[in-house]
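Undergrad: This is the structure I have questions about; it appears just below.
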Amino acid sequence: MKQYGLAARERIKSKRDFENIYQSGTTIQSSDKKIKAIYVVETDNLQPGVQVAVAISKRAGGAVWRNRFKRLIRESYRLNKTRLVDYCVEKKQTAKVIFSTGTLNQKNYGSLRLKTVMPGMIEVMEGIKRLI
RNA sequence: AGGUCAGUCCGGGCAAUUGCUUCCCACUUUUGUGAGAGGAGGAAAGUCCGAACUUUAUAGAACAGGGUGCCGGGUAACACCCGGGGAUAUUAGGAGAAAUUUUAAUAUCACUGCAAGUGCCACAGAAAAUAAACUUCCCGGUUUAUGACGGGUAAAGGUGAAAAGGCGGGGUAAGAGCCCACCGCUUUGAUGGUAACAUCAAAGGCAAGGUAAACCACACCCGAAGCAAGGUCAAAUAGGAAGAUUCUUUCCGGCAUUGCCGGAAAACAGGGUUGUUCGCUCUGAUAAUCUUCGGGUAGACCGCUAAAGCCCAAUAGUAAUAUUGGAUUAAGAUAAAUAAUUGCCGCUGCUUCGCUAACACUUCGCAGGACUGGUUAUUCUGUAUAACCGAUCCUAUGAAGCUCAACUUUCGUUGAACGAAGUAGGACAGAAUUCGGCUUACAGGGCUGCUCUAUUU
RNA sequence: CGGAACGUGGCGCAGUCCGGUAGCGUACCUGACUGGGGGUCAGGUGGUCGCGGGUUCAAAUCCCGCCGUUCCGA
């Protein structure tokens with residue numbers, strides 16, 4: 001497996017998973033409330049690891065803005081995922097996480113940069129790791 | 001040289017690292033790994049029209065409903081495009097006393113019909129639609145006179161968005177298309193034009209206010225739903241159909257005693273077919289177990305990208321466009337890929353520094369390469385090759401010329417231009433079955449045309 | 001991606017079909033009744049009818065184009 005990759009296997013795809021996470025998941029936010037995440041942990045799984053998805057509300061901005069934000073979140077997850085994944089494999093758990101916008105929207109930040117997204121992401125991922 | 005407007009094209013480039021995805025090849029038991037090739041737009045947007053495609057209906061008909069509306073052409077089709085005609089508005093000029101008319105330029109036009117029918121036209125005004133008569137005007141008899149009464153008329157006044165052809169003359173008691181000239185209108189005919197329509201002539205004698213983006217009439221077109229259409233394969237759970245076994249209530253008859261056998265009933269309602277009607281058509285009380293069968297959800301695959309395609313040339317046509325020939329293969333995701341970061345270059349704005357030498361600029365030259373078009377030659381023809389000419393781009397490079405404006409006696413100062421460094425900005429916007437249009441959003445830049453301004457000749 | 005509906009004072013709604021005066025409840029302001037508050041009564045303020053064009057003498061209403069909000073279909 002590539003160290004900084006994000007293959008289709010590591011993403012959440014089925015509708016049932018989404019419904020399950022939104023019903024029984026735990027929400028966590030970054031300190032500046034830009035990013036929020038909702039996750040669920042399953043212990044009895046054959047392949048331990050982390051599965052991820054990004055969900056952005058239509059209210060947040062136009063299609064171009066939402067596309068860019070999603071790509072930036074995925075980029076920052078890819079570059080920082082190693083510690084979280086190793087931790088889950090150690091404990092033989094599967095974590096399913098959906099990242100989403102907090103207060104961030106197109107009116108606040110018209111043009112996004114990776115610098116504005118990365119610190120919040122790292123903070124949220126550390127928080128998840130602590131809580132598992 | 002700069003600006004407005006119109007049309008058209010582009011809408012950053014290159015490299016490195018890290019990733020996603022489709023196709024294909026190799027390795028691999030699968031999962032995967034590696035190499036190669038490809039990977040958002042002019043509007044992909046709004047979803048406003050038109051089609052292709054798919055399902056449904058295939059037993060249809062009528063009505064209802066929706067759309068379009070000068071003429072001709074184009075197209076698969078259109079509410080789109082091209083050409084023409086007409087009307088309206090604005091500006092400028094001409095004619096006329098005026099109403100009005102005419103010429104030119106520009107812009108706009110859902111531009112059939114209100115001399116088929118029905119409806120509506122607030123307020124004001126006498127009257128808002130088979131006209132009518134408030135004030136005035138005129139006549140009559142009556143009265144001292146005014147007035148009132150009976151009649152004529154619609155020219156003048158006033159109201160309104162709009163008042164029943166306009167204007168001038170004749171005519172008259174006063175008036176009136178009552179009569180006449182000009183203009184408008186209607187009808188008929190002739191000429192030109194495929195046609196819309198235009199021009200001319202004759203007649204009518206005003207009959208015909210506006211509104212159809214009011215109902216409606218006329219002509220033409222449209223069945224409905226939409227890729228979440230639809231098709232194929234197909235877990236788990238629940239339910240359906242057929243067969244076998246067991247099984248409900250009421251009534252009648254028989255055996256006969258609370259059971260068995262036979263027959264009838266529980267029943268008129270609910271659907272389907274296009275929204276409605278006609279017409280057509282389907283279903284039938286009901287529980288449990290077993291077996292078989294079909295439908296079908298999650299999921300997977302197909303639909304899914306080669307098409308009314310794009311580029312170039314020739315021919316036909318005023319043009320839209322068509323035909324022929326050549327060249328080319330160009331995203332296909334599905335909780336949804338097409339990206340992120342860094343560096344260099346290029347563009348625009350701001351700040352600082354520099355100054356006659358360089359850079360840049362202008363003029364005259366010149367070498368090589370790329371790409372494209374034309375001409376000629378070789379060749380039976382095409383392809384191909386070679387030579388020459390033209391446009392564009394890239395790389396390298398020789399000679400000559402030179403900073404500009406304002407203020408100031410000068411020194412110089414300020415600004416522009418140029419160069420260097422730093423810094424900021426870099427539009428609108430993201431395929432979702434596919435095309436043709438329309439509409440809307442858009443920093444900046446290139447080219448062409450028209451026109452305006454400034455400078456030089 | 002496809003298909004529908006709505007937009008009118010601060011708030012919730014009529015009026016749009018069939019064109020001419022924008023109205024109702026509540027809120028707000030003023031006054032009266034009360035010793036005061038609440039309540040009742042009387043009077044009043046407040047609306048580019050989402051935006052831009054067109055038709056018409058005249059548009060919230062009819063037609064066209066935009067903007068925003070909400071709902072439905074796996």
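Here's how to read the names in the structure tokens: chain A, B, ... by the order shown, residue numbers from 1 in each chain, ligand numbers from 1 in the order shown.
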What's the 12 Å shell around C11 of chain C, counting only C-alpha atoms (C1' of nucleotides), without same-chain residues fewer than 4 positions away, as a list in words?
TA: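 Answer for this query is G25, U26 and A27 of chain C.
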Undergrad: For those residues, write C-alpha atoms (C1' of nucleotides) to a file as a JSON list (two decimals), in the first residue's frame.
TA:
```json
[["chain", "number", "residue", "atom", "x", "y", "z"],
["C", 25, "G", "C1'", -54.79, 40.01, 12.23],
["C", 26, "U", "C1'", -50.70, 40.95, 15.34],
["C", 27, "A", "C1'", -46.75, 44.35, 16.61]]
```
Undergrad: Taking only residues of segment 142-240 of chain B that have an atom at most 8 Å from an atom of segment 57-67 of chain C, what is each one's shortest atom pair and its distance in Å to one decimal, using only C-alpha atoms (C1' of nucleotides), in chain and number order, as a tab-separated table?
TA:
```
residue	atom	partner	partner_atom	distance
B:A161	C1'	C:C57	C1'	3.3
B:A162	C1'	C:C57	C1'	7.4
B:A213	C1'	C:C63	C1'	4.2
```
Undergrad: Each residue of chain A lying at most 8 Å from chain B should get a row with its shortest atom-to-atom pair and the distance in Å to one decimal, counting only C-alpha atoms (C1' of nucleotides); could you produce that, ordered by chain and increasing number, as JSON lines?
TA:
```
{"residue": "A:Tyr4", "atom": "CA", "partner": "B:G19", "partner_atom": "C1'", "distance": 7.5}
{"residue": "A:Gly5", "atom": "CA", "partner": "B:G19", "partner_atom": "C1'", "distance": 6.1}
{"residue": "A:Leu6", "atom": "CA", "partner": "B:G19", "partner_atom": "C1'", "distance": 7.6}
{"residue": "A:Ile12", "atom": "CA", "partner": "B:A335", "partner_atom": "C1'", "distance": 7.3}
{"residue": "A:Lys13", "atom": "CA", "partner": "B:A335", "partner_atom": "C1'", "distance": 5.8}
{"residue": "A:Ser14", "atom": "CA", "partner": "B:A335", "partner_atom": "C1'", "distance": 7.6}
{"residue": "A:Lys15", "atom": "CA", "partner": "B:A335", "partner_atom": "C1'", "distance": 7.7}
{"residue": "A:Ala53", "atom": "CA", "partner": "B:A335", "partner_atom": "C1'", "distance": 7.3}
{"residue": "A:Val54", "atom": "CA", "partner": "B:A335", "partner_atom": "C1'", "distance": 8.0}
{"residue": "A:Ala55", "atom": "CA", "partner": "B:A335", "partner_atom": "C1'", "distance": 7.8}
{"residue": "A:Ala63", "atom": "CA", "partner": "B:G430", "partner_atom": "C1'", "distance": 6.4}
{"residue": "A:Val64", "atom": "CA", "partner": "B:G430", "partner_atom": "C1'", "distance": 5.6}
{"residue": "A:Asn67", "atom": "CA", "partner": "B:G430", "partner_atom": "C1'", "distance": 7.9}
{"residue": "A:Arg71", "atom": "CA", "partner": "B:A339", "partner_atom": "C1'", "distance": 7.0}
{"residue": "A:Leu72", "atom": "CA", "partner": "B:A340", "partner_atom": "C1'", "distance": 7.3}
{"residue": "A:Glu75", "atom": "CA", "partner": "B:A340", "partner_atom": "C1'", "distance": 6.6}
```
Undergrad: For the alpha helix (DSSP H) assignment from backbone DSSP, which residues of chain A qualify? Please present them as a count of residues only.
TA: 56
Undergrad: Report as a list in words: the residues of segment 2-87 of chain A with a DSSP assignment of strand (DSSP E or B), based on the backbone of this structure.
TA: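 Output for segment 2-87 of chain A, strand (DSSP E or B) only: Arg11, Thr26, Thr27, Ile28, Gln29, Ile35, Lys36, Ala37, Ile38, Tyr39, Val40, Val41, Glu42, Gly49, Val50, Gln51, Val52, Ala53, Val54 and Ala55 of chain A.
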Undergrad: Output C-alpha atoms for every residue in that selection, as a CSV table (one decimal), in the first residue's frame.
TA:
```csv
chain,number,residue,atom,x,y,z
A,11,ARG,CA,-13.2,5.5,1.3
A,26,THR,CA,-19.9,10.9,17.6
A,27,THR,CA,-19.2,14.5,16.5
A,28,ILE,CA,-15.9,16.4,17.1
A,29,GLN,CA,-14.9,19.9,16.0
A,35,ILE,CA,-13.7,21.6,10.4
A,36,LYS,CA,-16.0,19.0,12.0
A,37,ALA,CA,-16.0,15.2,11.8
A,38,ILE,CA,-18.4,12.4,12.7
A,39,TYR,CA,-17.1,8.9,13.3
A,40,VAL,CA,-18.0,5.4,14.4
A,41,VAL,CA,-15.7,2.5,15.6
A,42,GLU,CA,-16.2,-1.2,14.8
A,49,GLY,CA,-7.9,0.4,9.2
A,50,VAL,CA,-9.7,3.7,8.6
A,51,GLN,CA,-12.3,4.5,6.1
A,52,VAL,CA,-13.0,8.2,5.2
A,53,ALA,CA,-15.5,10.3,3.3
A,54,VAL,CA,-16.0,14.1,2.8
A,55,ALA,CA,-19.5,15.7,2.9
```
Undergrad: Near A330 of chain B, counting only C-alpha atoms (C1' of nucleotides), which residues have an atom at most 12 Å away, once you skip same-chain residues fewer than 4 positions from it, shown as an mmCIF file with N, CA and C atoms (P, O5', C5', C4', C3', O3' and C1' of nucleotides), in the first residue's frame?
TA:
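Contents of the output file result_21.cif:
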```cif
data_model
loop_
_atom_site.group_PDB
_atom_site.id
_atom_site.type_symbol
_atom_site.label_atom_id
_atom_site.label_comp_id
_atom_site.auth_asym_id
_atom_site.auth_seq_id
_atom_site.Cartn_x
_atom_site.Cartn_y
_atom_site.Cartn_z
ATOM 1 P P G B 38 -0.874 11.392 -24.160
ATOM 2 O "O5'" G B 38 -2.359 11.332 -23.627
ATOM 3 C "C5'" G B 38 -3.448 11.542 -24.525
ATOM 4 C "C4'" G B 38 -4.782 11.188 -23.918
ATOM 5 C "C3'" G B 38 -5.354 12.158 -22.894
ATOM 6 O "O3'" G B 38 -5.859 13.343 -23.479
ATOM 7 C "C1'" G B 38 -5.726 9.950 -22.185
ATOM 8 P P G B 39 -5.677 14.762 -22.699
ATOM 9 O "O5'" G B 39 -6.638 14.598 -21.438
ATOM 10 C "C5'" G B 39 -8.044 14.499 -21.625
ATOM 11 C "C4'" G B 39 -8.760 14.227 -20.326
ATOM 12 C "C3'" G B 39 -8.505 15.225 -19.215
ATOM 13 O "O3'" G B 39 -9.232 16.429 -19.385
ATOM 14 C "C1'" G B 39 -8.439 13.029 -18.353
ATOM 15 P P U B 305 -18.841 3.215 -24.227
ATOM 16 O "O5'" U B 305 -17.523 4.124 -24.246
ATOM 17 C "C5'" U B 305 -17.560 5.513 -24.271
ATOM 18 C "C4'" U B 305 -18.257 6.077 -25.494
ATOM 19 C "C3'" U B 305 -17.662 7.370 -26.005
ATOM 20 O "O3'" U B 305 -17.892 7.473 -27.399
ATOM 21 C "C1'" U B 305 -19.860 7.772 -25.277
ATOM 22 P P A B 306 -16.775 8.060 -28.402
ATOM 23 O "O5'" A B 306 -17.567 8.069 -29.774
ATOM 24 C "C5'" A B 306 -18.816 8.763 -29.906
ATOM 25 C "C4'" A B 306 -19.233 8.761 -31.361
ATOM 26 C "C3'" A B 306 -19.902 7.464 -31.813
ATOM 27 O "O3'" A B 306 -20.793 7.756 -32.892
ATOM 28 C "C1'" A B 306 -17.880 7.743 -32.982
ATOM 29 P P A B 307 -22.255 7.155 -32.976
ATOM 30 O "O5'" A B 307 -23.067 8.501 -33.182
ATOM 31 C "C5'" A B 307 -23.532 9.236 -32.047
ATOM 32 C "C4'" A B 307 -23.287 10.719 -32.193
ATOM 33 C "C3'" A B 307 -23.605 11.282 -33.595
ATOM 34 O "O3'" A B 307 -24.283 12.529 -33.448
ATOM 35 C "C1'" A B 307 -21.403 11.874 -32.952
ATOM 36 P P G B 309 -22.221 15.395 -37.872
ATOM 37 O "O5'" G B 309 -22.199 15.441 -36.279
ATOM 38 C "C5'" G B 309 -21.996 16.643 -35.577
ATOM 39 C "C4'" G B 309 -20.769 16.563 -34.694
ATOM 40 C "C3'" G B 309 -19.615 17.482 -35.083
ATOM 41 O "O3'" G B 309 -19.828 18.817 -34.674
ATOM 42 C "C1'" G B 309 -18.779 15.339 -34.512
ATOM 43 P P C B 310 -19.412 20.046 -35.637
ATOM 44 O "O5'" C B 310 -17.839 20.156 -35.438
ATOM 45 C "C5'" C B 310 -17.287 20.536 -34.178
ATOM 46 C "C4'" C B 310 -15.798 20.298 -34.162
ATOM 47 C "C3'" C B 310 -15.010 20.945 -35.285
ATOM 48 O "O3'" C B 310 -14.728 22.307 -35.033
ATOM 49 C "C1'" C B 310 -14.344 18.698 -35.083
#
```
Undergrad: Which residues are close to G46 of chain C, i.e. within 10 Å by only C-alpha atoms (C1' of nucleotides), leaving aside same-chain residues fewer than 4 positions away? Reply as an MDAnalysis selection string.
TA: chainID C and resid 9:10 28
Undergrad: Please produce an output containing N, CA and C atoms (P, O5', C5', C4', C3', O3' and C1' of nucleotides) for each residue in the selection, written as a short mmCIF file (atom, residue, chain, number, x, y, z; two decimals), in the first residue's frame.
TA:
```
data_model
loop_
_atom_site.label_atom_id
_atom_site.label_comp_id
_atom_site.auth_asym_id
_atom_site.auth_seq_id
_atom_site.Cartn_x
_atom_site.Cartn_y
_atom_site.Cartn_z
P G C 9 -43.65 42.59 2.67
"O5'" G C 9 -43.60 43.91 3.51
"C5'" G C 9 -44.50 44.13 4.61
"C4'" G C 9 -44.32 45.55 5.09
"C3'" G C 9 -43.95 45.65 6.55
"O3'" G C 9 -43.00 46.69 6.73
"C1'" G C 9 -45.94 46.88 6.11
P G C 10 -41.43 46.31 6.76
"O5'" G C 10 -41.19 45.65 8.19
"C5'" G C 10 -39.89 45.22 8.57
"C4'" G C 10 -39.95 44.40 9.85
"C3'" G C 10 -40.69 43.07 9.72
"O3'" G C 10 -39.84 42.04 9.22
"C1'" G C 10 -41.45 44.23 11.65
P C C 28 -46.12 46.23 21.05
"O5'" C C 28 -45.72 47.47 20.14
"C5'" C C 28 -44.37 47.68 19.76
"C4'" C C 28 -44.26 48.88 18.83
"C3'" C C 28 -44.84 50.18 19.36
"O3'" C C 28 -43.96 50.84 20.26
"C1'" C C 28 -45.55 49.85 17.13
#
```
Undergrad: Find the residues near A5 of chain C: any atom within 12 Å, counting only C-alpha atoms (C1' of nucleotides), skip ones fewer than 4 places away on the same chain, and give them as an NGL selection string.
TA: :C and (69-72)
